[in-house]
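Have a look at the structure below before the remarks.
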Amino acid sequence: MSTINVHSLELLAQQLGQQLFAHRWRLVTAESCTGGGISQTLTAIAGSSAWFDRGFVTYSNAAKCEMLAVPLALLETQGAVSEPVVAAMAQGALAASDAQLAVAVSGIAGPGGGTPTKPVGCVCFGWGMQLDLQTPPQIVTATHHFDGDRRQIRDQSIAVALQQLVEMVSAAGQTSDAE
């Protein structure tokens, strides 16, 4: 997946936007290593204001705590690049928005900053869905390891974030259509 181009990201964003618009759902992003790249990709689509609620760029740990209510103790014990932290970021983004879906991402895009346990290219994702306020959000997490330079790692992260959202909306839409 190391050769992601702008056109393929745009196609994913268009597909996601069409799905969200059809269900009247809104999306929020909580980004760290992508630095707003997911939000930029989504808002490049004309009409995205109908389905994109807002984006949080929480690059620092303080921003994750202040804007998304990620517990400092979680950051200290797990590290910012961890599935528990992106799950908390997704949950915090949903709570701080009017959206039904959230995506959160935190990783090491490089070229420095990697460790033996979390090397450059290690990116954690959290996707959240809360279709009504009576039920807690459903959060799914994953960790991917990407190759390439900083830009390639970020582009691959954006693609994975969008692709999983497309799959989530598709699956949730089929479930709600069957009810």
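Within each chain, counting starts at residue 1; across the structure tokens, chains are named A, B, ... in the order shown, with ligands numbered 1 upward in that order.
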
So that each row is one residue of stretch 7-55 of chain A with an atom at most 8 Å from stretch 89-105 of chain A, can you give its shortest atom pair and the distance in Å to one decimal, using only C-alpha atoms, rows by chain and rising number, as a Markdown table?
| residue | atom | partner | partner_atom | distance |
| --- | --- | --- | --- | --- |
| A:Trp25 | CA | A:Gln100 | CA | 5.9 |
| A:Arg26 | CA | A:Ala99 | CA | 4.5 |
| A:Leu27 | CA | A:Leu101 | CA | 4.8 |
| A:Val28 | CA | A:Ala102 | CA | 4.8 |
| A:Thr29 | CA | A:Val103 | CA | 5.0 |
| A:Ala30 | CA | A:Ala104 | CA | 4.5 |
| A:Glu31 | CA | A:Val105 | CA | 5.1 |
| A:Ser32 | CA | A:Val105 | CA | 5.9 |
| A:Cys33 | CA | A:Val105 | CA | 6.8 |
| A:Thr34 | CA | A:Val105 | CA | 7.2 |
| A:Phe52 | CA | A:Ala99 | CA | 8.0 |
| A:Asp53 | CA | A:Ala99 | CA | 6.1 |
| A:Arg54 | CA | A:Ser97 | CA | 7.3 |

### Task
Using only C-alpha atoms, pick whichever of A:Gly35, A:Gly17, A:Pro137, A:Gly47 has the shortest atom-to-atom distance to A:Gly107.
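The answer is A:Gly35, which sits nearest to A:Gly107.
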
### Query
Per DSSP on the backbone, what are the helix (DSSP H, G or I) residues of stretch 45-131 of chain A, as a VMD selection string?
chain A and resid 48 to 50 61 to 68 72 to 78 83 to 95

Deliver the residues from the most recent selection as a file, using C-alpha atoms, as a PDB file, in the first residue's frame.
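Once everything was written out, this is again_28.pdb:
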ATOM      1  CA  SER A  48     -18.443  17.766   2.859  1.00  0.00           C
ATOM      2  CA  SER A  49     -20.043  20.217   5.296  1.00  0.00           C
ATOM      3  CA  ALA A  50     -23.169  18.044   5.088  1.00  0.00           C
ATOM      4  CA  ASN A  61      -0.209  14.753  24.881  1.00  0.00           C
ATOM      5  CA  ALA A  62      -1.556  17.927  26.509  1.00  0.00           C
ATOM      6  CA  ALA A  63      -3.858  18.500  23.527  1.00  0.00           C
ATOM      7  CA  LYS A  64      -5.109  14.917  23.729  1.00  0.00           C
ATOM      8  CA  CYS A  65      -5.962  15.461  27.398  1.00  0.00           C
ATOM      9  CA  GLU A  66      -7.452  18.950  27.035  1.00  0.00           C
ATOM     10  CA  MET A  67      -9.437  18.522  23.823  1.00  0.00           C
ATOM     11  CA  LEU A  68     -10.388  14.835  23.918  1.00  0.00           C
ATOM     12  CA  LEU A  72      -2.991  11.554  31.409  1.00  0.00           C
ATOM     13  CA  ALA A  73      -2.390   8.301  33.295  1.00  0.00           C
ATOM     14  CA  LEU A  74      -3.317   6.349  30.146  1.00  0.00           C
ATOM     15  CA  LEU A  75      -0.813   8.341  28.089  1.00  0.00           C
ATOM     16  CA  GLU A  76       1.870   7.831  30.741  1.00  0.00           C
ATOM     17  CA  THR A  77       1.339   4.077  31.029  1.00  0.00           C
ATOM     18  CA  GLN A  78       0.530   3.162  27.417  1.00  0.00           C
ATOM     19  CA  GLU A  83      -4.585   1.243  20.934  1.00  0.00           C
ATOM     20  CA  PRO A  84      -5.965   2.260  24.361  1.00  0.00           C
ATOM     21  CA  VAL A  85      -5.047   5.889  23.648  1.00  0.00           C
ATOM     22  CA  VAL A  86      -6.611   5.981  20.171  1.00  0.00           C
ATOM     23  CA  ALA A  87      -9.730   4.338  21.600  1.00  0.00           C
ATOM     24  CA  ALA A  88      -9.908   7.135  24.180  1.00  0.00           C
ATOM     25  CA  MET A  89      -9.267   9.718  21.454  1.00  0.00           C
ATOM     26  CA  ALA A  90     -12.150   8.353  19.349  1.00  0.00           C
ATOM     27  CA  GLN A  91     -14.468   8.283  22.354  1.00  0.00           C
ATOM     28  CA  GLY A  92     -13.447  11.816  23.335  1.00  0.00           C
ATOM     29  CA  ALA A  93     -13.992  13.088  19.796  1.00  0.00           C
ATOM     30  CA  LEU A  94     -17.498  11.624  19.720  1.00  0.00           C
ATOM     31  CA  ALA A  95     -18.302  13.188  23.106  1.00  0.00           C
TER      32      ALA A  95
END

### Task
Could you give me the residues within stretch 82-167 of chain A that DSSP places in strand (DSSP E or B), as number ranges by chain?
A: 101-107, 122-129, 138-145

### Task
Might you pull out every residue within 9 Å of A:Thr41, with only C-alpha atoms counted and same-chain residues fewer than 3 positions away left off, and present them as a PyMOL selection string?
chain A and resi 6+9-10+13+36-38+44-45+158

Write out, as a PDB file, in the first residue's frame, the residues just selected, with C-alpha atoms.
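Ended up saving to selection23.pdb:
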ATOM      1  CA  VAL A   6      -4.092  11.800  -4.052  1.00  0.00           C
ATOM      2  CA  LEU A   9      -7.549   9.083  -1.342  1.00  0.00           C
ATOM      3  CA  GLU A  10     -10.048  11.397  -3.022  1.00  0.00           C
ATOM      4  CA  ALA A  13     -13.259  10.274   0.664  1.00  0.00           C
ATOM      5  CA  GLY A  36      -5.021  16.971   9.971  1.00  0.00           C
ATOM      6  CA  GLY A  37      -4.440  15.038   6.755  1.00  0.00           C
ATOM      7  CA  ILE A  38      -7.608  12.967   7.144  1.00  0.00           C
ATOM      8  CA  ALA A  44     -11.448  18.669  -0.166  1.00  0.00           C
ATOM      9  CA  ILE A  45     -14.709  17.034  -1.260  1.00  0.00           C
ATOM     10  CA  ILE A 158      -5.076   8.254   5.809  1.00  0.00           C
TER      11      ILE A 158
END

### Task
Could you check which of A:Phe21, A:Thr58, A:Gly121, A:Ala171 is closest to A:Arg151, using only C-alpha atoms?
A:Gly121

### Message
With distances taken over only C-alpha atoms, which residue among A:Val160, A:Val120, A:Ala46, A:Ala109 lies nearest A:Thr141?
### Response
A:Val160

### Message
Would you pick out the contacts of stretch 112-119 of chain A at 10 Å or less, using only C-alpha atoms, so that residues sharing its chain but fewer than 3 positions from it are not included, and give the list as a VMD selection string?
### Response
chain A and resid 79 81 to 82 107 to 109 122 to 123 145 to 146 150

Using only C-alpha atoms, please write the residues we just selected to a file, as a short mmCIF file (atom, residue, chain, number, x, y, z; two decimals), in the first residue's frame.
data_model
loop_
_atom_site.label_atom_id
_atom_site.label_comp_id
_atom_site.auth_asym_id
_atom_site.auth_seq_id
_atom_site.Cartn_x
_atom_site.Cartn_y
_atom_site.Cartn_z
CA GLY A 79 2.20 5.93 25.40
CA VAL A 81 1.03 5.48 20.13
CA SER A 82 -1.19 2.75 21.54
CA GLY A 107 1.73 6.94 15.23
CA ILE A 108 5.37 7.41 14.40
CA ALA A 109 5.73 8.83 10.90
CA CYS A 122 3.89 2.03 13.68
CA VAL A 123 0.45 3.64 13.56
CA HIS A 145 3.17 -1.05 10.42
CA PHE A 146 3.91 0.93 7.26
CA ARG A 150 7.15 10.33 6.41
#

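The shortest atom-to-atom distance to A:Leu165, with only C-alpha atoms taken into account, belongs to A:Trp127 out of A:Pro71, A:Gln152, A:Ala22, A:Trp127.
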